[in-house]
$ cat structure19.txt   # compact mmCIF, C-alpha atoms (C1' of nucleotides)
# COMPACT_ATOMS: atom_id res chain seq x y z
CA MET C 871 2.29 -29.32 -21.37
CA HIS C 872 -1.08 -30.82 -20.38
CA ASP C 873 0.68 -32.64 -17.59
CA ILE C 874 1.51 -29.39 -15.83
CA LEU C 875 -2.19 -28.65 -15.53
CA PHE C 876 -3.07 -32.17 -14.43
CA ASP C 877 -0.25 -32.20 -11.89
CA PHE C 878 -1.57 -28.98 -10.47
CA ILE C 879 -5.15 -30.24 -10.26
CA SER C 880 -4.02 -33.48 -8.67
CA LYS C 881 -2.96 -31.49 -5.63
CA TYR C 882 -6.63 -30.84 -4.98
CA ILE C 883 -8.71 -33.61 -6.53
CA SER C 884 -7.99 -36.82 -8.40
CA LEU C 885 -9.24 -37.02 -11.95
CA THR C 886 -10.54 -40.02 -13.85
CA GLU C 887 -9.64 -40.43 -17.51
CA ASP C 888 -13.17 -39.31 -18.37
CA GLU C 889 -12.71 -36.12 -16.48
CA LYS C 890 -9.31 -35.47 -18.00
CA ASN C 891 -10.80 -35.92 -21.43
CA ALA C 892 -13.67 -33.59 -20.62
CA LEU C 893 -11.12 -30.98 -19.67
CA LEU C 894 -9.05 -31.50 -22.78
CA SER C 895 -12.11 -31.37 -25.03
CA LEU C 896 -12.71 -27.81 -23.84
CA ASP C 897 -9.68 -26.70 -25.82
CA LEU C 898 -8.28 -24.58 -23.02
CA PHE C 899 -4.67 -24.27 -24.07
CA ARG C 900 -3.35 -21.14 -25.68
CA SER C 901 0.10 -20.05 -26.74
CA VAL C 902 0.40 -16.27 -26.80
CA LYS C 903 3.13 -13.88 -27.88
CA LYS C 904 4.75 -11.36 -25.62
CA GLY C 905 2.78 -8.14 -25.56
CA THR C 906 -0.55 -9.73 -26.46
CA ILE C 907 -3.45 -8.18 -24.59
CA LEU C 908 -5.67 -10.93 -23.24
CA LEU C 909 -8.30 -8.76 -21.62
CA LYS C 910 -9.17 -5.10 -22.03
CA GLU C 911 -10.87 -2.68 -19.70
CA GLY C 912 -14.60 -2.60 -20.35
CA GLN C 913 -14.63 -6.04 -21.93
CA LYS C 914 -17.59 -7.98 -20.71
CA SER C 915 -16.76 -11.58 -20.09
CA GLN C 916 -14.27 -12.50 -17.45
CA TYR C 917 -11.93 -15.32 -18.22
CA ASP C 918 -9.86 -17.48 -15.96
CA TYR C 919 -6.20 -17.70 -16.79
CA PHE C 920 -3.81 -20.31 -15.53
CA VAL C 921 -0.18 -19.86 -16.51
CA LEU C 922 1.70 -22.98 -17.56
CA LYS C 923 4.78 -21.17 -18.79
CA GLY C 924 5.61 -17.48 -19.00
CA CYS C 925 4.21 -14.46 -17.24
CA ILE C 926 1.07 -12.37 -17.46
CA ARG C 927 0.33 -9.05 -15.89
CA LYS C 928 -2.75 -7.29 -14.58
CA TYR C 929 -2.88 -3.51 -14.88
CA TYR C 930 -5.22 -0.56 -14.73
CA ILE C 931 -5.02 2.62 -16.77
CA ILE C 932 -5.71 5.51 -14.42
CA ASP C 933 -5.40 9.07 -15.73
CA GLY C 934 -3.66 7.67 -18.77
CA GLU C 935 -1.09 5.91 -16.64
CA GLU C 936 -0.51 2.17 -16.38
CA LYS C 937 -0.76 0.82 -12.83
CA THR C 938 0.40 -2.77 -12.56
CA THR C 939 -1.11 -4.59 -9.59
CA ALA C 940 -0.22 -8.24 -10.17
CA PHE C 941 1.96 -10.71 -12.03
CA PHE C 942 1.17 -14.37 -12.56
CA THR C 943 3.88 -16.84 -13.47
CA GLU C 944 4.23 -20.63 -13.80
CA MET C 945 1.55 -22.56 -11.92
CA GLU C 946 -0.30 -19.45 -10.86
CA GLY C 947 -3.90 -18.76 -11.74
CA MET C 948 -5.87 -15.55 -11.86
CA THR C 949 -9.20 -15.38 -10.04
CA PRO C 950 -10.95 -18.74 -10.23
CA HIS C 951 -14.40 -17.45 -11.09
CA CYS C 952 -16.36 -20.66 -10.84
CA VAL C 953 -19.50 -18.71 -10.41
CA LYS C 954 -20.62 -16.81 -13.45
CA ASN C 955 -20.09 -13.11 -13.23
CA ASN C 956 -21.03 -10.59 -15.84
CA ASN C 957 -19.25 -7.48 -14.75
CA LYS C 958 -17.16 -5.47 -17.13
CA SER C 959 -13.46 -5.66 -16.50
CA GLU C 960 -11.85 -2.67 -14.81
CA TYR C 961 -8.39 -3.81 -15.79
CA PHE C 962 -6.20 -5.12 -18.58
CA VAL C 963 -4.30 -8.38 -18.75
CA SER C 964 -1.31 -8.73 -21.02
CA CYS C 965 1.62 -11.06 -21.59
CA VAL C 966 4.99 -10.00 -20.22
CA GLU C 967 6.66 -12.88 -22.07
CA ASP C 968 5.68 -15.46 -24.65
CA THR C 969 3.27 -17.47 -22.54
CA ILE C 970 1.43 -20.76 -22.56
CA LEU C 971 -1.74 -20.72 -20.53
CA THR C 972 -5.21 -22.09 -20.19
CA VAL C 973 -8.12 -19.78 -20.82
CA ALA C 974 -11.52 -20.72 -19.47
CA ASN C 975 -14.66 -18.70 -19.93
CA PRO C 976 -17.48 -18.80 -17.40
CA ASP C 977 -19.61 -21.08 -19.58
CA MET C 978 -16.91 -23.71 -19.50
CA GLY C 979 -16.79 -23.43 -15.74
CA VAL C 980 -20.53 -23.84 -15.41
CA GLU C 981 -20.52 -26.81 -17.79
CA LEU C 982 -17.68 -28.50 -15.96
CA ASN C 983 -19.17 -27.85 -12.54
CA THR C 984 -22.50 -29.33 -13.56
CA LYS C 985 -20.96 -32.45 -15.04
CA PHE C 986 -18.31 -32.89 -12.35
CA PRO C 987 -19.20 -31.30 -9.03
CA LYS C 988 -15.72 -32.00 -7.73
CA PHE C 989 -14.43 -29.19 -9.92
CA GLN C 990 -16.54 -26.71 -8.08
CA LEU C 991 -15.25 -28.12 -4.81
CA MET C 992 -11.72 -27.63 -6.06
CA CYS C 993 -12.51 -24.05 -7.01
CA GLY C 994 -13.75 -23.44 -3.51
CA VAL C 995 -10.64 -24.86 -1.88
CA LEU C 996 -8.46 -22.97 -4.34
CA SER C 997 -10.26 -19.75 -3.56
CA GLU C 998 -9.78 -20.31 0.13
CA GLU C 999 -6.09 -20.86 -0.39
CA LEU C 1000 -5.70 -17.86 -2.63
CA LEU C 1001 -7.72 -15.74 -0.23
CA ALA C 1002 -5.48 -16.69 2.69
CA LYS C 1003 -2.36 -16.05 0.62
CA GLN C 1004 -3.62 -12.76 -0.64
CA GLN C 1005 -4.58 -11.56 2.81
CA ILE C 1006 -1.00 -12.10 3.89
CA ASP C 1007 0.30 -10.27 0.82
CA PHE C 1008 -2.07 -7.37 1.44
CA ASP C 1009 -1.11 -7.14 5.10
CA ASP C 1010 2.58 -7.23 4.18
CA PHE C 1011 2.05 -4.47 1.68
CA LYS C 1012 0.18 -2.29 4.14
CA THR C 1013 2.69 -2.72 6.91
CA SER C 1014 5.82 -2.13 4.80
CA SER C 1015 7.59 0.81 3.23
CA PRO C 1016 8.41 0.68 -0.49
CA GLU C 1017 12.02 -0.17 0.36
CA ILE C 1018 11.00 -3.11 2.57
CA ARG C 1019 8.54 -4.24 -0.10
CA TYR C 1020 11.33 -4.30 -2.64
CA LEU C 1021 13.65 -6.25 -0.33
CA ASN C 1022 10.84 -8.72 0.40
CA LEU C 1023 10.23 -9.19 -3.29
CA LEU C 1024 13.92 -9.81 -3.78
CA GLN C 1025 13.63 -12.62 -1.23
CA LEU C 1026 10.30 -14.11 -2.23
CA ARG C 1027 10.12 -13.67 -6.00
CA PRO C 1028 13.63 -12.86 -7.22
CA ASP C 1029 12.72 -14.09 -10.71
CA LEU C 1030 10.17 -11.29 -11.12
CA ILE C 1031 12.83 -8.63 -10.74
CA GLN C 1032 14.73 -10.21 -13.60
CA ARG C 1033 11.94 -10.95 -16.01
CA VAL C 1034 9.71 -7.90 -15.59
CA PRO C 1035 10.40 -4.33 -16.80
CA GLN C 1036 11.35 -1.96 -13.99
CA HIS C 1037 8.55 0.51 -14.57
CA GLN C 1038 6.00 -2.29 -14.19
CA LEU C 1039 7.71 -3.51 -11.04
CA ALA C 1040 7.63 0.01 -9.67
CA SER C 1041 3.88 0.40 -9.84
CA PHE C 1042 3.53 -3.15 -8.50
CA LEU C 1043 5.46 -1.84 -5.47
CA GLY C 1044 3.22 1.20 -5.31
CA ILE C 1045 5.79 3.77 -6.46
CA LYS C 1046 7.07 5.55 -9.61
CA PRO C 1047 9.87 4.13 -11.77
CA GLN C 1048 12.19 6.99 -10.77
CA SER C 1049 11.65 6.17 -7.12
CA LEU C 1050 12.50 2.53 -7.72
CA SER C 1051 15.77 3.50 -9.42
CA ARG C 1052 16.63 5.79 -6.54
CA LEU C 1053 15.63 3.23 -3.94
CA ARG C 1054 17.87 0.62 -5.54
CA ALA C 1055 20.77 3.05 -5.66
CA ARG C 1056 20.17 3.82 -2.00
CA ILE C 1057 20.23 0.14 -1.03
CA LEU C 1058 23.43 -0.39 -3.04
CA GLU C 1059 24.98 2.60 -1.30
CA LYS C 1060 24.05 1.25 2.12
CA SER C 1061 25.47 -2.19 1.36
CA LYS C 1062 28.85 -0.63 0.53
CA GLU C 1063 29.25 0.90 3.97
CA MET T 1053 -29.72 -12.37 16.92
CA HIS T 1054 -29.64 -15.86 15.38
CA ASP T 1055 -31.74 -14.56 12.55
CA ILE T 1056 -28.94 -12.28 11.37
CA LEU T 1057 -26.75 -15.32 10.82
CA PHE T 1058 -29.50 -17.31 9.11
CA ASP T 1059 -30.41 -14.38 6.90
CA PHE T 1060 -26.79 -14.12 5.86
CA ILE T 1061 -26.48 -17.84 5.12
CA SER T 1062 -29.74 -17.83 3.19
CA LYS T 1063 -28.06 -15.64 0.59
CA TYR T 1064 -25.93 -18.64 -0.31
CA ILE T 1065 -27.78 -21.83 0.61
CA SER T 1066 -31.17 -22.69 2.05
CA LEU T 1067 -31.19 -24.42 5.38
CA THR T 1068 -33.60 -27.05 6.69
CA GLU T 1069 -34.68 -26.93 10.31
CA ASP T 1070 -32.34 -29.83 10.98
CA GLU T 1071 -29.42 -27.90 9.64
CA LYS T 1072 -30.33 -24.79 11.56
CA ASN T 1073 -30.49 -26.82 14.74
CA ALA T 1074 -27.13 -28.43 14.00
CA LEU T 1075 -25.67 -24.95 13.68
CA LEU T 1076 -27.29 -23.73 16.89
CA SER T 1077 -26.14 -26.79 18.80
CA LEU T 1078 -22.55 -25.81 18.11
CA ASP T 1079 -22.94 -22.91 20.52
CA LEU T 1080 -21.30 -20.43 18.20
CA PHE T 1081 -22.58 -17.18 19.62
CA ARG T 1082 -20.41 -15.00 21.80
CA SER T 1083 -20.92 -11.61 23.33
CA VAL T 1084 -17.60 -9.88 23.98
CA LYS T 1085 -16.65 -6.63 25.65
CA LYS T 1086 -14.78 -3.82 23.93
CA GLY T 1087 -11.05 -4.36 24.17
CA THR T 1088 -11.23 -8.13 24.49
CA ILE T 1089 -8.47 -9.88 22.60
CA LEU T 1090 -9.96 -12.77 20.65
CA LEU T 1091 -6.75 -14.09 19.12
CA LYS T 1092 -3.12 -13.51 19.97
CA GLU T 1093 0.00 -13.78 17.87
CA GLY T 1094 1.51 -17.23 18.16
CA GLN T 1095 -1.75 -18.82 19.21
CA LYS T 1096 -2.21 -22.08 17.44
CA SER T 1097 -5.77 -22.63 16.39
CA GLN T 1098 -7.35 -20.36 13.89
CA TYR T 1099 -10.94 -19.44 14.47
CA ASP T 1100 -13.52 -18.07 12.12
CA TYR T 1101 -15.28 -14.95 13.25
CA PHE T 1102 -18.49 -13.60 11.88
CA VAL T 1103 -19.65 -10.26 13.26
CA LEU T 1104 -23.35 -9.93 14.03
CA LYS T 1105 -23.07 -6.59 15.80
CA GLY T 1106 -20.06 -4.44 16.64
CA CYS T 1107 -16.59 -4.28 15.20
CA ILE T 1108 -13.44 -6.36 15.42
CA ARG T 1109 -9.97 -5.48 14.29
CA LYS T 1110 -6.98 -7.42 12.95
CA TYR T 1111 -3.54 -6.10 13.78
CA TYR T 1112 0.11 -7.05 13.85
CA ILE T 1113 2.72 -5.94 16.34
CA ILE T 1114 5.86 -5.08 14.39
CA ASP T 1115 8.84 -3.60 16.22
CA GLY T 1116 6.57 -3.02 19.19
CA GLU T 1117 4.13 -1.06 17.08
CA GLU T 1118 0.54 -1.95 16.32
CA LYS T 1119 -0.25 -2.17 12.62
CA THR T 1120 -3.96 -2.48 11.93
CA THR T 1121 -4.73 -4.12 8.60
CA ALA T 1122 -8.45 -4.83 8.73
CA PHE T 1123 -11.77 -4.10 10.41
CA PHE T 1124 -14.82 -6.32 10.32
CA THR T 1125 -18.26 -4.95 11.11
CA GLU T 1126 -21.87 -6.15 10.90
CA MET T 1127 -22.37 -9.06 8.51
CA GLU T 1128 -18.69 -9.39 7.76
CA GLY T 1129 -16.68 -12.51 8.37
CA MET T 1130 -12.98 -13.08 8.74
CA THR T 1131 -11.33 -15.77 6.63
CA PRO T 1132 -13.68 -18.68 6.21
CA HIS T 1133 -11.20 -21.46 6.87
CA CYS T 1134 -13.31 -24.45 6.01
CA VAL T 1135 -10.23 -26.51 5.55
CA LYS T 1136 -8.34 -27.22 8.71
CA ASN T 1137 -5.16 -25.26 9.08
CA ASN T 1138 -2.75 -25.52 11.93
CA ASN T 1139 -0.53 -22.53 11.48
CA LYS T 1140 0.24 -20.21 14.31
CA SER T 1141 -1.36 -16.82 14.05
CA GLU T 1142 0.87 -13.94 12.98
CA TYR T 1143 -1.66 -11.38 14.11
CA PHE T 1144 -4.01 -10.31 16.87
CA VAL T 1145 -7.76 -9.88 16.74
CA SER T 1146 -9.50 -7.62 19.22
CA CYS T 1147 -12.86 -5.95 19.72
CA VAL T 1148 -13.13 -2.28 18.86
CA GLU T 1149 -16.60 -2.16 20.42
CA ASP T 1150 -18.79 -4.44 22.49
CA THR T 1151 -19.44 -7.08 19.89
CA ILE T 1152 -21.70 -10.04 19.25
CA LEU T 1153 -20.20 -12.60 16.94
CA THR T 1154 -20.00 -16.24 16.06
CA VAL T 1155 -16.79 -18.09 16.74
CA ALA T 1156 -16.14 -21.36 14.94
CA ASN T 1157 -13.07 -23.48 15.38
CA PRO T 1158 -11.79 -25.71 12.58
CA ASP T 1159 -13.22 -28.85 14.20
CA MET T 1160 -16.70 -27.40 14.02
CA GLY T 1161 -16.16 -26.62 10.38
CA VAL T 1162 -15.00 -30.13 9.62
CA GLU T 1163 -17.92 -31.62 11.54
CA LEU T 1164 -20.43 -29.43 9.77
CA ASN T 1165 -18.92 -30.02 6.36
CA THR T 1166 -19.03 -33.77 6.83
CA LYS T 1167 -22.64 -33.77 7.96
CA PHE T 1168 -23.83 -31.14 5.53
CA PRO T 1169 -21.71 -30.86 2.38
CA LYS T 1170 -23.61 -27.77 1.35
CA PHE T 1171 -21.78 -25.83 4.04
CA GLN T 1172 -18.49 -26.52 2.39
CA LEU T 1173 -19.97 -25.42 -0.90
CA MET T 1174 -21.06 -22.19 0.73
CA CYS T 1175 -17.59 -21.66 2.12
CA GLY T 1176 -16.19 -22.06 -1.36
CA VAL T 1177 -18.58 -19.54 -2.88
CA LEU T 1178 -17.99 -17.19 0.03
CA SER T 1179 -14.25 -17.45 -0.42
CA GLU T 1180 -14.59 -16.70 -4.09
CA GLU T 1181 -16.64 -13.63 -3.32
CA LEU T 1182 -14.28 -12.43 -0.63
CA LEU T 1183 -11.30 -13.10 -2.88
CA ALA T 1184 -12.78 -11.01 -5.67
CA LYS T 1185 -13.67 -8.23 -3.26
CA GLN T 1186 -10.28 -8.28 -1.65
CA GLN T 1187 -8.47 -8.19 -4.96
CA ILE T 1188 -10.30 -4.99 -5.76
CA ASP T 1189 -9.46 -3.54 -2.35
CA PHE T 1190 -5.81 -4.48 -2.76
CA ASP T 1191 -5.64 -2.98 -6.24
CA ASP T 1192 -7.30 0.20 -5.00
CA PHE T 1193 -4.81 0.44 -2.17
CA LYS T 1194 -1.83 -0.05 -4.46
CA THR T 1195 -2.98 2.47 -7.00
CA SER T 1196 -3.93 5.24 -4.55
CA SER T 1197 -2.13 7.77 -2.39
CA PRO T 1198 -2.94 7.93 1.33
CA GLU T 1199 -5.10 10.98 0.70
CA ILE T 1200 -7.14 9.23 -2.00
CA ARG T 1201 -7.42 6.16 0.24
CA TYR T 1202 -8.86 8.31 2.99
CA LEU T 1203 -11.34 9.98 0.66
CA ASN T 1204 -12.38 6.57 -0.70
CA LEU T 1205 -12.91 5.29 2.82
CA LEU T 1206 -15.03 8.34 3.56
CA GLN T 1207 -17.21 7.34 0.61
CA LEU T 1208 -17.31 3.60 1.05
CA ARG T 1209 -17.19 3.05 4.83
CA PRO T 1210 -18.01 6.38 6.48
CA ASP T 1211 -19.07 4.55 9.64
CA LEU T 1212 -15.53 3.28 10.21
CA ILE T 1213 -14.16 6.79 10.49
CA GLN T 1214 -16.65 7.48 13.26
CA ARG T 1215 -16.40 4.30 15.26
CA VAL T 1216 -12.71 3.52 15.08
CA PRO T 1217 -9.85 5.37 16.88
CA GLN T 1218 -7.83 7.58 14.54
CA HIS T 1219 -4.49 5.92 15.19
CA GLN T 1220 -5.95 2.56 14.16
CA LEU T 1221 -7.47 4.10 11.06
CA ALA T 1222 -4.11 5.61 10.20
CA SER T 1223 -2.25 2.33 10.06
CA PHE T 1224 -5.20 0.82 8.20
CA LEU T 1225 -4.52 3.53 5.59
CA GLY T 1226 -0.82 2.71 5.66
CA ILE T 1227 0.36 5.90 7.41
CA LYS T 1228 1.15 7.29 10.90
CA PRO T 1229 -1.48 8.97 13.09
CA GLN T 1230 0.25 12.35 12.75
CA SER T 1231 0.09 12.05 8.97
CA LEU T 1232 -3.61 11.30 9.10
CA SER T 1233 -4.21 14.41 11.22
CA ARG T 1234 -2.22 16.50 8.81
CA LEU T 1235 -3.89 14.97 5.78
CA ARG T 1236 -7.33 15.74 7.19
CA ALA T 1237 -6.31 19.31 7.93
CA ARG T 1238 -5.02 19.60 4.37
CA ILE T 1239 -8.30 18.36 2.90
CA LEU T 1240 -10.27 20.76 5.09
CA GLU T 1241 -8.03 23.60 3.95
CA LYS T 1242 -8.57 22.72 0.30
CA SER T 1243 -12.35 22.55 0.68
CA LYS T 1244 -12.38 26.10 2.05
CA GLU T 1245 -10.88 27.57 -1.10
C1' DT R 70 21.67 -1.49 -40.09
C1' DT R 71 19.47 2.65 -39.02
C1' DC R 72 15.96 5.29 -37.06
C1' DA R 73 12.41 5.76 -33.75
C1' DT R 74 10.54 4.54 -29.58
C1' DT R 75 10.60 2.91 -25.15
C1' DT R 76 12.99 2.18 -20.96
C1' DC R 77 16.14 3.20 -17.25
C1' DT R 78 18.77 6.25 -14.67
C1' DT R 79 20.24 10.62 -12.74
C1' DA R 80 19.45 15.22 -11.07
C1' DA R 81 17.13 19.34 -9.11
C1' DC R 82 13.13 20.74 -7.11
C1' DT R 83 8.46 20.08 -4.80
C1' DT R 84 5.38 17.76 -1.93
C1' DA R 85 4.05 14.67 1.52
C1' DA R 86 5.05 11.22 4.94
C1' DG R 87 8.13 9.85 9.07
C1' DT R 88 9.98 11.39 13.57
C1' DG R 89 10.28 13.42 18.04
C1' DA R 90 8.31 16.49 21.08
C1' DA R 91 4.75 19.12 23.29
C1' DC R 92 0.18 19.95 24.97
C1' DG R 93 -4.74 19.75 25.68
C1' DA R 94 -8.64 16.54 25.60
C1' DA R 95 -10.60 12.29 26.44
C1' DT R 96 -10.63 8.05 28.67
C1' DT R 97 -9.25 4.68 32.26
C1' DT R 98 -8.26 3.18 36.59
C1' DA R 99 -7.38 3.61 41.37
C1' DT F 1222 -13.16 12.37 42.09
C1' DA F 1223 -8.35 12.61 41.19
C1' DA F 1224 -4.38 10.88 39.02
C1' DA F 1225 -2.56 8.43 35.28
C1' DT F 1226 -2.67 6.99 30.84
C1' DT F 1227 -3.98 7.14 26.16
C1' DC F 1228 -5.36 9.80 22.20
C1' DG F 1229 -5.53 13.45 18.76
C1' DT F 1230 -3.46 17.44 17.02
C1' DT F 1231 0.13 20.69 15.95
C1' DC F 1232 4.90 22.01 15.03
C1' DA F 1233 9.66 21.84 13.39
C1' DC F 1234 12.72 19.01 11.25
C1' DT F 1235 14.21 14.88 8.42
C1' DT F 1236 13.59 11.59 4.95
C1' DA F 1237 11.68 9.72 0.97
C1' DA F 1238 8.50 9.81 -2.80
C1' DG F 1239 6.38 12.68 -6.77
C1' DT F 1240 7.48 15.65 -10.72
C1' DT F 1241 9.81 17.48 -14.57
C1' DA F 1242 13.46 17.19 -17.50
C1' DA F 1243 17.44 15.33 -19.79
C1' DG F 1244 20.37 11.93 -21.58
C1' DA F 1245 22.10 7.16 -22.17
C1' DA F 1246 20.88 2.42 -23.10
C1' DA F 1247 18.02 -1.04 -24.87
C1' DT F 1248 14.49 -2.52 -27.89
C1' DG F 1249 11.69 -2.78 -31.92
C1' DA F 1250 10.46 -1.62 -36.63
C1' DA F 1251 11.44 -0.16 -41.28
$ encode --input "structure19.txt" --output "structure tokens"
Amino acid sequence: MHDILFDFISKYISLTEDEKNALLSLDLFRSVKKGTILLKEGQKSQYDYFVLKGCIRKYYIIDGEEKTTAFFTEMEGMTPHCVKNNNKSEYFVSCVEDTILTVANPDMGVELNTKFPKFQLMCGVLSEELLAKQQIDFDDFKTSSPEIRYLNLLQLRPDLIQRVPQHQLASFLGIKPQSLSRLRARILEKSKE
Amino acid sequence: MHDILFDFISKYISLTEDEKNALLSLDLFRSVKKGTILLKEGQKSQYDYFVLKGCIRKYYIIDGEEKTTAFFTEMEGMTPHCVKNNNKSEYFVSCVEDTILTVANPDMGVELNTKFPKFQLMCGVLSEELLAKQQIDFDDFKTSSPEIRYLNLLQLRPDLIQRVPQHQLASFLGIKPQSLSRLRARILEKSKE
DNA sequence: TTCATTTCTTAACTTAAGTGAACGAATTTA
DNA sequence: TAAATTCGTTCACTTAAGTTAAGAAATGAA
């Protein structure tokens, strides 16, 4: 399981045995059950999550309603906060499936960055990559209708549609569960013609 | 005008005179007329823009229709690509107003980063910041209706509503110009009651 | 297994956005 | 300055999403 993390990191920087051991000594790995809430709204410290296996979900509760805005699956990480940040969380993070992930708190990041500056460099590059990727996602979202968004998702992340409850998918697409049902029925109807 | 850039940078790293001169010698500053197209779809090299004064706009042309996805005004920068990237642009960038900005091509970035590693560090931190900010913007967009988005914009970037043409604002909000007109009329109607 | 809860779908109705067209106002350009 | 174009608004109509409600299916807990 550790290898997945090291393989991922090796795409950005090469690690010596010392550095690998420093990472392992931080005791980052966690195995969490489906439904576990990793982070609650209002909670102070912000953690970094990197999913090795499974799926986690980011959601807000607005007017008593869950609004899912992101899913993270294998080899995806949430917000690499290398720089310490003490804001309270506006959102929740929970496990969609039984999940194995790494959890890093800001102190670990600071410690690692001080000892091994290359980690901070990696964080920077990673942030750049994620930023570029997210800008594309945001632009796609803005320029598409819910139906197009759904069809895009079907192309780009077909696994999500299988492994994630429909009502969570719906708010991820910016609509209500009923609208997603209807939209799917509509697409099916069209494809019959 | 140079001071605006240096003031901005000083929030992240402190520059020696040598470093300032290296920056100035790159001849980054440009003064461009309203309507000028800075980047076209399909164009190969990706530039970094940092707005000192004025406003630039990012838009796609989809089915012959302009879809505006972002505006950048004073002290805002577009996508700090410190790492070279050779993709063709999917979008256009043009000036909403007469604008003064810095334009950096990837070669300049590479040169600067090699000479002064602290620039790359700054890019990393900047990316992290922008990533965090953009995640919030994306989440807000996903979890809001067009009307709420408009009201939020009125709160958070009231200047934009004044300085940007309505039809560009509309697609920035994810709707058609007619819908924006109607939505504004609706809000006005409500406030009368 | 059974009961309770949550989830998904369908339906009828309401509300708001998309579309096409028209017209005056503002802006460009010749 | 005059003509042409672009822009913003309004309107009527269409389409799709929100809402409320109901019932079936799946899931989880006792």
$ interface_residues --input "structure19.txt" --of "chain R" --to "chain T" --cutoff "10 Å" --atoms "all atoms listed in the file" --output "JSON, numbers by chain"
{"R": [85, 86, 87, 88]}
$ write_last_selection --input "structure19.txt" --atoms "C-alpha atoms (C1' of nucleotides)" --output "PDB file, keeping the file's coordinate frame"
ATOM      1  C1'  DA R  85       4.050  14.670   1.520  1.00  0.00           C
ATOM      2  C1'  DA R  86       5.050  11.220   4.940  1.00  0.00           C
ATOM      3  C1'  DG R  87       8.130   9.850   9.070  1.00  0.00           C
ATOM      4  C1'  DT R  88       9.980  11.390  13.570  1.00  0.00           C
TER       5       DT R  88
END
$ atom_distance --input "structure19.txt" --atom1 "atom CA of Asn1139 of chain T" --atom2 "atom CA of Lys1096 of chain T"
6.2 Å
$ closest_atom_pairs --input "structure19.txt" --of "chain T" --to "chain C" --cutoff "10 Å" --atoms "only C-alpha atoms" --output "Markdown table"
| residue | atom | partner | partner_atom | distance |
| --- | --- | --- | --- | --- |
| T:Lys1110 | CA | C:Asp1009 | CA | 9.8 |
| T:Tyr1111 | CA | C:Asp1009 | CA | 9.1 |
| T:Tyr1112 | CA | C:Thr1013 | CA | 8.6 |
| T:Ile1113 | CA | C:Thr1013 | CA | 10.0 |
| T:Ile1114 | CA | C:Thr1013 | CA | 8.5 |
| T:Glu1118 | CA | C:Thr1013 | CA | 9.7 |
| T:Lys1119 | CA | C:Thr1013 | CA | 6.4 |
| T:Thr1120 | CA | C:Thr1013 | CA | 8.3 |
| T:Thr1121 | CA | C:Asp1009 | CA | 5.9 |
| T:Ala1122 | CA | C:Asp1009 | CA | 8.5 |
| T:Thr1131 | CA | C:Ala1002 | CA | 7.1 |
| T:Pro1132 | CA | C:Glu998 | CA | 7.4 |
| T:His1133 | CA | C:Glu998 | CA | 7.0 |
| T:Cys1134 | CA | C:Glu998 | CA | 8.0 |
| T:Val1135 | CA | C:Val995 | CA | 7.6 |
| T:Glu1142 | CA | C:Ile1006 | CA | 9.5 |
| T:Tyr1143 | CA | C:Asp1009 | CA | 10.0 |
| T:Gln1172 | CA | C:Leu991 | CA | 8.1 |
| T:Leu1173 | CA | C:Leu991 | CA | 6.7 |
| T:Met1174 | CA | C:Gly994 | CA | 8.5 |
| T:Cys1175 | CA | C:Gly994 | CA | 7.0 |
| T:Gly1176 | CA | C:Gly994 | CA | 3.5 |
| T:Val1177 | CA | C:Gly994 | CA | 6.2 |
| T:Leu1178 | CA | C:Gly994 | CA | 8.3 |
| T:Ser1179 | CA | C:Glu998 | CA | 5.3 |
| T:Glu1180 | CA | C:Ser997 | CA | 5.3 |
| T:Glu1181 | CA | C:Ser997 | CA | 8.8 |
| T:Leu1182 | CA | C:Leu1001 | CA | 7.4 |
| T:Leu1183 | CA | C:Leu1001 | CA | 5.2 |
| T:Ala1184 | CA | C:Thr949 | CA | 7.1 |
| T:Gln1186 | CA | C:Gln1005 | CA | 7.9 |
| T:Gln1187 | CA | C:Gln1004 | CA | 7.9 |
| T:Ile1188 | CA | C:Glu960 | CA | 9.5 |
| T:Asp1189 | CA | C:Phe1008 | CA | 9.1 |
| T:Phe1190 | CA | C:Phe1008 | CA | 6.3 |
| T:Asp1191 | CA | C:Thr939 | CA | 5.9 |
| T:Asp1192 | CA | C:Thr939 | CA | 9.1 |
| T:Phe1193 | CA | C:Lys1012 | CA | 8.5 |
| T:Lys1194 | CA | C:Gly1044 | CA | 5.3 |
| T:Thr1195 | CA | C:Lys937 | CA | 6.5 |
| T:Ser1196 | CA | C:Gly1044 | CA | 8.2 |
| T:Ser1197 | CA | C:Gly1044 | CA | 9.0 |
| T:Ser1223 | CA | C:Thr1013 | CA | 7.7 |
| T:Phe1224 | CA | C:Lys1012 | CA | 7.4 |
| T:Leu1225 | CA | C:Lys1012 | CA | 7.6 |
| T:Gly1226 | CA | C:Lys1012 | CA | 5.3 |
| T:Ile1227 | CA | C:Lys1012 | CA | 8.8 |
$ residues_near_point --input "structure19.txt" --point "(20.2, 4.1, -36.5)" --cutoff "12 Å" --atoms "only C-alpha atoms (C1' of nucleotides)" --output "PyMOL selection string"
(chain R and resi 70-74) or (chain F and resi 1249-1251)
$ atom_distance --input "structure19.txt" --atom1 "atom CA of Leu1024 of chain C" --atom2 "atom CA of Glu967 of chain C"
19.9 Å
$ interface_residues --input "structure19.txt" --of "chain F" --to "chain T" --cutoff "9 Å" --atoms "all atoms listed in the file" --output "PyMOL selection string"
chain F and resi 1228-1231
$ atom_distance --input "structure19.txt" --atom1 "atom CA of Ser1097 of chain T" --atom2 "atom CA of Asp1115 of chain T"
24.0 Å
